[in-house]
file input.cif (mmCIF, C-alpha atoms)
data_structure
#
loop_
_atom_site.group_PDB
_atom_site.id
_atom_site.type_symbol
_atom_site.label_atom_id
_atom_site.label_comp_id
_atom_site.auth_asym_id
_atom_site.auth_seq_id
_atom_site.Cartn_x
_atom_site.Cartn_y
_atom_site.Cartn_z
ATOM 1 C CA GLY O 1 116.934 47.924 186.913
ATOM 2 C CA ALA O 2 116.938 44.523 185.171
ATOM 3 C CA VAL O 3 114.433 42.805 187.438
ATOM 4 C CA VAL O 4 113.057 39.386 186.620
ATOM 5 C CA SER O 5 110.145 37.888 188.503
ATOM 6 C CA GLN O 6 109.103 34.277 188.647
ATOM 7 C CA HIS O 7 105.812 32.807 189.772
ATOM 8 C CA PRO O 8 105.031 30.761 191.731
ATOM 9 C CA SER O 9 107.968 30.641 194.114
ATOM 10 C CA TRP O 10 106.990 27.149 195.173
ATOM 11 C CA VAL O 11 104.371 24.645 194.100
ATOM 12 C CA ILE O 12 103.273 21.180 195.157
ATOM 13 C CA CYS O 13 101.355 19.089 192.668
ATOM 14 C CA LYS O 14 100.163 15.536 192.323
ATOM 15 C CA SER O 15 101.787 13.081 189.980
ATOM 16 C CA GLY O 16 100.246 13.212 186.509
ATOM 17 C CA THR O 17 99.166 16.846 186.652
ATOM 18 C CA SER O 18 100.726 19.771 184.799
ATOM 19 C CA VAL O 19 102.328 22.835 186.300
ATOM 20 C CA LYS O 20 102.998 26.204 184.655
ATOM 21 C CA ILE O 21 105.782 28.513 185.794
ATOM 22 C CA GLU O 22 105.922 32.124 184.629
ATOM 23 C CA CYS O 23 109.021 34.236 184.102
ATOM 24 C CA ARG O 24 108.650 37.978 183.526
ATOM 25 C CA SER O 25 111.142 40.723 182.801
ATOM 26 C CA LEU O 26 109.707 43.739 184.634
ATOM 27 C CA ASP O 27 111.740 46.679 183.368
ATOM 28 C CA PHE O 28 113.308 45.575 180.112
ATOM 29 C CA GLN O 29 112.433 43.630 177.003
ATOM 30 C CA ALA O 30 113.926 40.166 176.917
ATOM 31 C CA THR O 31 114.810 38.957 173.466
ATOM 32 C CA THR O 32 116.060 35.702 174.910
ATOM 33 C CA MET O 33 115.026 33.774 177.983
ATOM 34 C CA PHE O 34 116.676 30.736 179.502
ATOM 35 C CA TRP O 35 115.325 27.982 181.734
ATOM 36 C CA TYR O 36 117.549 26.132 184.178
ATOM 37 C CA ARG O 37 117.029 23.282 186.607
ATOM 38 C CA GLN O 38 118.982 22.593 189.757
ATOM 39 C CA PHE O 39 119.027 19.363 191.732
ATOM 40 C CA PRO O 40 120.323 19.380 195.330
ATOM 41 C CA LYS O 41 124.065 19.986 195.661
ATOM 42 C CA GLN O 42 124.386 20.343 191.894
ATOM 43 C CA SER O 43 124.912 23.244 189.529
ATOM 44 C CA LEU O 44 122.314 25.096 187.521
ATOM 45 C CA MET O 45 121.778 23.106 184.336
ATOM 46 C CA LEU O 46 120.480 24.814 181.212
ATOM 47 C CA MET O 47 117.296 23.171 179.948
ATOM 48 C CA ALA O 48 116.339 25.367 177.035
ATOM 49 C CA THR O 49 116.764 28.716 175.343
ATOM 50 C CA SER O 50 113.805 30.608 173.952
ATOM 51 C CA ASN O 51 113.632 33.619 171.688
ATOM 52 C CA GLU O 52 110.489 35.701 171.477
ATOM 53 C CA GLY O 53 108.186 34.368 168.801
ATOM 54 C CA SER O 54 110.318 31.315 168.050
ATOM 55 C CA LYS O 55 110.339 27.709 169.170
ATOM 56 C CA ALA O 56 112.578 26.971 172.104
ATOM 57 C CA THR O 57 115.887 25.206 171.648
ATOM 58 C CA TYR O 58 116.282 22.357 174.107
ATOM 59 C CA GLU O 59 119.526 21.005 175.514
ATOM 60 C CA GLN O 60 120.427 17.409 174.946
ATOM 61 C CA GLY O 61 118.485 15.078 177.201
ATOM 62 C CA VAL O 62 115.650 17.503 177.929
ATOM 63 C CA GLU O 63 112.287 16.268 176.674
ATOM 64 C CA LYS O 64 110.599 19.037 174.725
ATOM 65 C CA ASP O 65 107.180 17.379 174.976
ATOM 66 C CA LYS O 66 107.455 17.234 178.732
ATOM 67 C CA PHE O 67 108.827 20.722 179.318
ATOM 68 C CA LEU O 68 106.768 23.054 177.143
ATOM 69 C CA ILE O 69 108.214 26.536 176.750
ATOM 70 C CA ASN O 70 106.321 29.493 175.371
ATOM 71 C CA HIS O 71 107.912 32.910 174.809
ATOM 72 C CA ALA O 72 104.978 34.784 173.346
ATOM 73 C CA SER O 73 106.060 38.308 174.283
ATOM 74 C CA LEU O 74 109.231 40.226 175.032
ATOM 75 C CA THR O 75 108.457 40.214 178.751
ATOM 76 C CA LEU O 76 106.987 36.774 179.416
ATOM 77 C CA SER O 77 108.108 33.186 179.068
ATOM 78 C CA THR O 78 106.356 30.185 180.557
ATOM 79 C CA LEU O 79 107.559 26.684 181.351
ATOM 80 C CA THR O 80 104.902 23.991 181.648
ATOM 81 C CA VAL O 81 105.879 20.690 183.186
ATOM 82 C CA THR O 82 103.392 18.248 181.697
ATOM 83 C CA SER O 83 102.329 15.032 183.397
ATOM 84 C CA ALA O 84 104.686 15.727 186.253
ATOM 85 C CA HIS O 85 106.277 12.857 188.134
ATOM 86 C CA PRO O 86 108.242 12.800 191.403
ATOM 87 C CA GLU O 87 111.532 12.755 189.501
ATOM 88 C CA ASP O 88 110.603 16.181 188.073
ATOM 89 C CA SER O 89 110.771 17.623 191.578
ATOM 90 C CA SER O 90 113.498 20.219 191.402
ATOM 91 C CA PHE O 91 114.326 23.901 191.534
ATOM 92 C CA TYR O 92 113.549 25.696 188.276
ATOM 93 C CA ILE O 93 114.972 29.140 187.566
ATOM 94 C CA CYS O 94 114.701 31.409 184.570
ATOM 95 C CA SER O 95 116.884 34.185 183.255
ATOM 96 C CA ALA O 96 116.281 36.911 180.703
ATOM 97 C CA SER O 97 118.626 38.740 178.392
ATOM 98 C CA PRO O 98 118.025 41.927 176.393
ATOM 99 C CA GLY O 99 120.360 40.688 173.676
ATOM 100 C CA THR O 100 119.840 43.693 171.438
ATOM 101 C CA GLY O 101 123.483 44.158 170.621
ATOM 102 C CA GLY O 102 126.794 44.760 172.314
ATOM 103 C CA PHE O 103 128.566 42.635 174.880
ATOM 104 C CA SER O 104 126.647 43.791 177.968
ATOM 105 C CA SER O 105 123.274 43.156 176.400
ATOM 106 C CA TYR O 106 123.924 39.424 176.645
ATOM 107 C CA GLU O 107 124.076 39.528 180.422
ATOM 108 C CA GLN O 108 121.497 37.209 181.940
ATOM 109 C CA TYR O 109 119.263 38.498 184.724
ATOM 110 C CA PHE O 110 117.765 35.826 186.913
ATOM 111 C CA GLY O 111 114.443 35.286 188.583
ATOM 112 C CA PRO O 112 114.312 33.964 192.156
ATOM 113 C CA GLY O 113 113.336 30.459 191.082
ATOM 114 C CA THR O 114 110.478 28.019 191.647
ATOM 115 C CA ARG O 115 110.628 24.983 193.914
ATOM 116 C CA LEU O 116 108.503 22.199 192.408
ATOM 117 C CA THR O 117 107.528 19.185 194.481
ATOM 118 C CA VAL O 118 105.582 16.388 192.814
ATOM 119 C CA THR O 119 103.877 13.973 195.196
ATOM 120 C CA ILE W 1 138.770 20.223 182.663
ATOM 121 C CA LEU W 2 135.427 19.331 181.086
ATOM 122 C CA ASN W 3 133.074 21.126 183.447
ATOM 123 C CA VAL W 4 133.033 24.246 185.548
ATOM 124 C CA GLU W 5 134.207 23.369 189.024
ATOM 125 C CA GLN W 6 134.219 25.442 192.173
ATOM 126 C CA SER W 7 136.140 24.808 195.361
ATOM 127 C CA PRO W 8 135.653 24.608 198.170
ATOM 128 C CA GLN W 9 131.971 23.666 198.247
ATOM 129 C CA SER W 10 131.543 25.670 201.445
ATOM 130 C CA LEU W 11 133.600 27.661 203.854
ATOM 131 C CA HIS W 12 133.206 29.433 207.153
ATOM 132 C CA VAL W 13 135.080 32.637 207.843
ATOM 133 C CA GLN W 14 135.285 34.828 210.905
ATOM 134 C CA GLU W 15 133.972 38.360 210.568
ATOM 135 C CA GLY W 16 136.799 40.654 209.549
ATOM 136 C CA ASP W 17 138.886 37.898 207.979
ATOM 137 C CA SER W 18 139.588 37.701 204.275
ATOM 138 C CA THR W 19 138.959 34.671 202.114
ATOM 139 C CA ASN W 20 139.147 33.474 198.543
ATOM 140 C CA PHE W 21 137.909 30.577 196.462
ATOM 141 C CA THR W 22 138.358 29.133 193.013
ATOM 142 C CA CYS W 23 136.487 28.531 189.796
ATOM 143 C CA SER W 24 138.061 26.223 187.200
ATOM 144 C CA PHE W 25 136.698 25.982 183.688
ATOM 145 C CA PRO W 26 137.477 24.606 180.219
ATOM 146 C CA SER W 27 139.535 27.168 178.332
ATOM 147 C CA SER W 28 138.343 26.087 174.874
ATOM 148 C CA ASN W 29 135.568 28.136 173.223
ATOM 149 C CA PHE W 30 135.821 30.601 176.078
ATOM 150 C CA TYR W 31 133.963 33.878 175.745
ATOM 151 C CA ALA W 32 133.483 35.236 179.268
ATOM 152 C CA LEU W 33 133.509 34.281 182.937
ATOM 153 C CA HIS W 34 130.704 35.460 185.201
ATOM 154 C CA TRP W 35 130.474 35.598 188.982
ATOM 155 C CA TYR W 36 127.106 35.759 190.736
ATOM 156 C CA ARG W 37 126.173 36.206 194.355
ATOM 157 C CA TRP W 38 123.091 34.237 195.417
ATOM 158 C CA GLU W 39 121.303 34.700 198.693
ATOM 159 C CA THR W 40 118.617 32.276 199.789
ATOM 160 C CA ALA W 41 115.159 33.047 198.351
ATOM 161 C CA LYS W 42 116.545 35.813 196.146
ATOM 162 C CA SER W 43 117.663 36.072 192.542
ATOM 163 C CA PRO W 44 121.324 35.499 191.714
ATOM 164 C CA GLU W 45 122.953 38.921 191.511
ATOM 165 C CA ALA W 46 125.591 39.585 188.870
ATOM 166 C CA LEU W 47 128.924 40.579 190.408
ATOM 167 C CA PHE W 48 131.459 40.516 187.610
ATOM 168 C CA VAL W 49 131.942 39.519 184.018
ATOM 169 C CA MET W 50 135.478 39.134 182.707
ATOM 170 C CA THR W 51 136.710 38.293 179.246
ATOM 171 C CA LEU W 52 140.440 38.884 178.927
ATOM 172 C CA ASN W 53 143.308 36.929 180.404
ATOM 173 C CA GLY W 54 144.609 38.866 183.380
ATOM 174 C CA ASP W 55 141.352 40.771 183.915
ATOM 175 C CA GLU W 56 140.776 41.968 187.447
ATOM 176 C CA LYS W 57 137.486 43.403 188.655
ATOM 177 C CA LYS W 58 136.594 44.955 192.006
ATOM 178 C CA LYS W 59 133.319 45.864 193.676
ATOM 179 C CA GLY W 60 133.712 47.177 197.190
ATOM 180 C CA ARG W 61 135.461 44.509 199.259
ATOM 181 C CA ILE W 62 134.988 41.821 196.619
ATOM 182 C CA SER W 63 137.368 41.326 193.729
ATOM 183 C CA ALA W 64 138.023 38.705 191.083
ATOM 184 C CA THR W 65 140.832 37.703 188.740
ATOM 185 C CA LEU W 66 140.828 35.699 185.531
ATOM 186 C CA ASN W 67 143.358 33.374 183.898
ATOM 187 C CA THR W 68 141.967 32.141 180.602
ATOM 188 C CA LYS W 69 145.099 30.275 179.560
ATOM 189 C CA GLU W 70 144.992 27.892 182.490
ATOM 190 C CA GLY W 71 141.242 28.137 182.983
ATOM 191 C CA TYR W 72 140.675 29.523 186.451
ATOM 192 C CA SER W 73 139.291 32.517 188.289
ATOM 193 C CA TYR W 74 139.638 33.544 191.912
ATOM 194 C CA LEU W 75 137.126 35.533 193.911
ATOM 195 C CA TYR W 76 138.378 37.389 196.974
ATOM 196 C CA ILE W 77 136.422 38.835 199.875
ATOM 197 C CA LYS W 78 138.381 41.254 202.023
ATOM 198 C CA GLY W 79 137.326 41.898 205.619
ATOM 199 C CA SER W 80 134.304 39.584 205.475
ATOM 200 C CA GLN W 81 131.040 40.842 206.926
ATOM 201 C CA PRO W 82 127.900 38.845 207.844
ATOM 202 C CA GLU W 83 126.125 40.315 204.812
ATOM 203 C CA ASP W 84 128.690 38.579 202.597
ATOM 204 C CA SER W 85 127.142 35.240 203.567
ATOM 205 C CA ALA W 86 125.782 33.773 200.334
ATOM 206 C CA THR W 87 126.489 31.222 197.653
ATOM 207 C CA TYR W 88 128.882 32.482 195.006
ATOM 208 C CA LEU W 89 128.405 31.016 191.549
ATOM 209 C CA CYS W 90 130.748 31.201 188.640
ATOM 210 C CA ALA W 91 129.644 30.535 185.083
ATOM 211 C CA ARG W 92 131.583 30.203 181.876
ATOM 212 C CA ARG W 93 130.016 31.754 178.800
ATOM 213 C CA SER W 94 130.864 30.025 175.569
ATOM 214 C CA ASN W 95 130.776 31.459 172.066
ATOM 215 C CA ASP W 96 127.074 30.612 171.736
ATOM 216 C CA TYR W 97 126.306 32.815 174.784
ATOM 217 C CA LYS W 98 125.191 29.887 176.909
ATOM 218 C CA LEU W 99 126.280 29.771 180.542
ATOM 219 C CA SER W 100 127.743 26.682 182.210
ATOM 220 C CA PHE W 101 127.650 26.963 185.975
ATOM 221 C CA GLY W 102 129.720 25.578 188.773
ATOM 222 C CA ALA W 103 127.938 24.187 191.825
ATOM 223 C CA GLY W 104 128.869 27.210 193.899
ATOM 224 C CA THR W 105 130.830 28.046 197.017
ATOM 225 C CA THR W 106 128.672 28.775 200.056
ATOM 226 C CA VAL W 107 130.263 31.331 202.343
ATOM 227 C CA THR W 108 129.143 31.708 205.942
ATOM 228 C CA VAL W 109 130.552 34.639 207.862
ATOM 229 C CA ARG W 110 130.500 34.186 211.630
ATOM 230 C CA ALA W 111 130.133 37.270 213.765
#

call {"tool": "encode", "arguments": {"input": "input.cif", "output": "structure tokens"}}
result
Amino acid sequence: GAVVSQHPSWVICKSGTSVKIECRSLDFQATTMFWYRQFPKQSLMLMATSNEGSKATYEQGVEKDKFLINHASLTLSTLTVTSAHPEDSSFYICSASPGTGGFSSYEQYFGPGTRLTVT
Amino acid sequence: ILNVEQSPQSLHVQEGDSTNFTCSFPSSNFYALHWYRWETAKSPEALFVMTLNGDEKKKGRISATLNTKEGYSYLYIKGSQPEDSATYLCARRSNDYKLSFGAGTTVTVRA
């Protein structure tokens, strides 16, 4: 149980274009979803937290107009990197949490990640 | 300690040997400490979550301990096997349920 999928697993795009990454919880409803970014040799860094039906909350230093997050249903969140530039090349990974109550419900279940390369 | 730190960054261990590595974290606003196992091209897999000082958790040959007062956790692998090769991540959960990750310890088990 608690499977999270992410699509695509890798993508190459040209500078100035936009890229959408999907994160789906396959066997549970995710009240909250999280988006992380990881640069080489560094830790996973939280970008934003999204609750179903609400606007995402972005971490300090993350541009909300550049990284558009939509959490329209309890099983799907999307991250759109708008007007991508080479410095946006990174590994993006999402996680989903049931969050319906109780300690264990706040466990985060991770997708396999998306490698974005902007040329 | 301001950030979550893991050491060493990588280690090689002979099959059958035991090993351990460290996660250090800020003890303020501490809620829980998570360990994940992450194999290449797969999703990070939750191993343990610990909340109380002195907690010890075990899953097969892997175990973990927690010291919240001094802000560290150890993860132990007993009798390492090639399938234990992975990156092990620790993450500190704060009161707002957000996770702060260390950079990971990559374990390579040599047959």

call {"tool": "closest_residue", "arguments": {"input": "input.cif", "among": "O:Thr32, O:Ser9, O:Thr78, O:Ser43", "to": "chain W", "atoms": "only C-alpha atoms"}}
result
O:Ser43

call {"tool": "closest_residue", "arguments": {"input": "input.cif", "among": "W:Thr19, W:Trp38, W:Phe25, W:Ser43", "to": "O:Ala96", "atoms": "all atoms listed in the file"}}
result
W:Ser43

call {"tool": "interface_residues", "arguments": {"input": "input.cif", "of": "chain W", "to": "chain O", "cutoff": "9 Å", "atoms": "all atoms listed in the file", "output": "PDB file with C-alpha atoms, keeping the file's coordinate frame"}}
result
ATOM      1  CA  THR W  40     118.617  32.276 199.789  1.00  0.00           C
ATOM      2  CA  ALA W  41     115.159  33.047 198.351  1.00  0.00           C
ATOM      3  CA  LYS W  42     116.545  35.813 196.146  1.00  0.00           C
ATOM      4  CA  SER W  43     117.663  36.072 192.542  1.00  0.00           C
ATOM      5  CA  PRO W  44     121.324  35.499 191.714  1.00  0.00           C
ATOM      6  CA  GLU W  45     122.953  38.921 191.511  1.00  0.00           C
ATOM      7  CA  ALA W  46     125.591  39.585 188.870  1.00  0.00           C
ATOM      8  CA  VAL W  49     131.942  39.519 184.018  1.00  0.00           C
ATOM      9  CA  LEU W  89     128.405  31.016 191.549  1.00  0.00           C
ATOM     10  CA  TYR W  97     126.306  32.815 174.784  1.00  0.00           C
ATOM     11  CA  LYS W  98     125.191  29.887 176.909  1.00  0.00           C
ATOM     12  CA  LEU W  99     126.280  29.771 180.542  1.00  0.00           C
ATOM     13  CA  SER W 100     127.743  26.682 182.210  1.00  0.00           C
ATOM     14  CA  PHE W 101     127.650  26.963 185.975  1.00  0.00           C
ATOM     15  CA  GLY W 102     129.720  25.578 188.773  1.00  0.00           C
ATOM     16  CA  ALA W 103     127.938  24.187 191.825  1.00  0.00           C
ATOM     17  CA  GLY W 104     128.869  27.210 193.899  1.00  0.00           C
TER      18      GLY W 104
END

call {"tool": "residues_around", "arguments": {"input": "input.cif", "residues": "O:Ala56", "least_positions_apart": "5", "cutoff": "12 Å", "atoms": "all atoms listed in the file", "output": "list in words"}}
result
Thr32, Met33, Phe34, Trp35, Met47, Ala48, Thr49, Ser50, Asn51, Val62, Glu63, Lys64, Asp65, Phe67, Leu68, Ile69, Asn70, His71, Ala72, Ser77, Thr78 and Leu79 of chain O

call {"tool": "resolve_selection", "arguments": {"input": "input.cif", "expression": "the PyMOL selection byres ((chain W and resi 107) around 12)", "output": "compact mmCIF listing (two decimals) with C-alpha atoms, keeping the file's coordinate frame"}}
result
# COMPACT_ATOMS: atom_id res chain seq x y z
CA SER W 7 136.14 24.81 195.36
CA PRO W 8 135.65 24.61 198.17
CA GLN W 9 131.97 23.67 198.25
CA SER W 10 131.54 25.67 201.44
CA LEU W 11 133.60 27.66 203.85
CA HIS W 12 133.21 29.43 207.15
CA VAL W 13 135.08 32.64 207.84
CA GLN W 14 135.28 34.83 210.90
CA GLU W 15 133.97 38.36 210.57
CA SER W 18 139.59 37.70 204.28
CA THR W 19 138.96 34.67 202.11
CA ASN W 20 139.15 33.47 198.54
CA PHE W 21 137.91 30.58 196.46
CA ARG W 37 126.17 36.21 194.36
CA TRP W 38 123.09 34.24 195.42
CA GLU W 39 121.30 34.70 198.69
CA THR W 40 118.62 32.28 199.79
CA LEU W 75 137.13 35.53 193.91
CA TYR W 76 138.38 37.39 196.97
CA ILE W 77 136.42 38.84 199.88
CA SER W 80 134.30 39.58 205.48
CA GLN W 81 131.04 40.84 206.93
CA PRO W 82 127.90 38.84 207.84
CA GLU W 83 126.12 40.32 204.81
CA ASP W 84 128.69 38.58 202.60
CA SER W 85 127.14 35.24 203.57
CA ALA W 86 125.78 33.77 200.33
CA THR W 87 126.49 31.22 197.65
CA TYR W 88 128.88 32.48 195.01
CA LEU W 89 128.40 31.02 191.55
CA GLY W 104 128.87 27.21 193.90
CA THR W 105 130.83 28.05 197.02
CA THR W 106 128.67 28.78 200.06
CA THR W 108 129.14 31.71 205.94
CA VAL W 109 130.55 34.64 207.86
CA ARG W 110 130.50 34.19 211.63

call {"tool": "resolve_selection", "arguments": {"input": "input.cif", "expression": "the PyMOL selection byres ((chain W and resi 26) around 9)", "output": "JSON, numbers by chain"}}
result
{"W": [1, 2, 3, 4, 24, 25, 27, 28, 29, 30, 68, 70, 71, 72, 92]}

call {"tool": "build_atoms", "arguments": {"input": "input.cif", "residues": "stretch 33-51 of chain W", "atoms": "N, CA and C atoms", "output": "mmCIF file, keeping the file's coordinate frame"}}
result
data_model
loop_
_atom_site.group_PDB
_atom_site.id
_atom_site.type_symbol
_atom_site.label_atom_id
_atom_site.label_comp_id
_atom_site.auth_asym_id
_atom_site.auth_seq_id
_atom_site.Cartn_x
_atom_site.Cartn_y
_atom_site.Cartn_z
ATOM 1 N N LEU W 33 133.675 34.941 181.652
ATOM 2 C CA LEU W 33 133.509 34.281 182.937
ATOM 3 C C LEU W 33 132.699 35.221 183.829
ATOM 4 N N HIS W 34 131.600 34.671 184.362
ATOM 5 C CA HIS W 34 130.704 35.460 185.201
ATOM 6 C C HIS W 34 130.785 34.983 186.648
ATOM 7 N N TRP W 35 130.656 35.914 187.569
ATOM 8 C CA TRP W 35 130.474 35.598 188.982
ATOM 9 C C TRP W 35 129.130 36.176 189.428
ATOM 10 N N TYR W 36 128.390 35.343 190.183
ATOM 11 C CA TYR W 36 127.106 35.759 190.736
ATOM 12 C C TYR W 36 127.125 35.529 192.240
ATOM 13 N N ARG W 37 126.370 36.353 192.920
ATOM 14 C CA ARG W 37 126.173 36.206 194.355
ATOM 15 C C ARG W 37 124.711 35.837 194.557
ATOM 16 N N TRP W 38 124.453 34.751 195.318
ATOM 17 C CA TRP W 38 123.091 34.237 195.417
ATOM 18 C C TRP W 38 122.741 34.024 196.880
ATOM 19 N N GLU W 39 121.817 34.855 197.341
ATOM 20 C CA GLU W 39 121.303 34.700 198.693
ATOM 21 C C GLU W 39 120.027 33.864 198.640
ATOM 22 N N THR W 40 119.782 33.150 199.707
ATOM 23 C CA THR W 40 118.617 32.276 199.789
ATOM 24 C C THR W 40 117.341 33.063 199.511
ATOM 25 N N ALA W 41 116.478 32.488 198.680
ATOM 26 C CA ALA W 41 115.159 33.047 198.351
ATOM 27 C C ALA W 41 115.243 34.326 197.510
ATOM 28 N N LYS W 42 116.405 34.637 197.013
ATOM 29 C CA LYS W 42 116.545 35.813 196.146
ATOM 30 C C LYS W 42 117.088 35.395 194.785
ATOM 31 N N SER W 43 117.103 36.338 193.863
ATOM 32 C CA SER W 43 117.663 36.072 192.542
ATOM 33 C C SER W 43 119.178 36.158 192.588
ATOM 34 N N PRO W 44 119.871 35.320 191.838
ATOM 35 C CA PRO W 44 121.324 35.499 191.714
ATOM 36 C C PRO W 44 121.625 36.909 191.206
ATOM 37 N N GLU W 45 122.591 37.537 191.845
ATOM 38 C CA GLU W 45 122.953 38.921 191.511
ATOM 39 C C GLU W 45 124.295 38.904 190.787
ATOM 40 N N ALA W 46 124.339 39.546 189.631
ATOM 41 C CA ALA W 46 125.591 39.585 188.870
ATOM 42 C C ALA W 46 126.638 40.425 189.603
ATOM 43 N N LEU W 47 127.817 39.854 189.783
ATOM 44 C CA LEU W 47 128.924 40.579 190.408
ATOM 45 C C LEU W 47 129.911 41.091 189.353
ATOM 46 N N PHE W 48 130.432 40.158 188.585
ATOM 47 C CA PHE W 48 131.459 40.516 187.610
ATOM 48 C C PHE W 48 131.279 39.705 186.329
ATOM 49 N N VAL W 49 131.736 40.287 185.241
ATOM 50 C CA VAL W 49 131.942 39.519 184.018
ATOM 51 C C VAL W 49 133.313 39.911 183.489
ATOM 52 N N MET W 50 134.104 38.907 183.163
ATOM 53 C CA MET W 50 135.478 39.134 182.707
ATOM 54 C C MET W 50 135.710 38.368 181.424
ATOM 55 N N THR W 51 136.492 38.934 180.541
ATOM 56 C CA THR W 51 136.710 38.293 179.246
ATOM 57 C C THR W 51 138.180 38.058 178.921
#
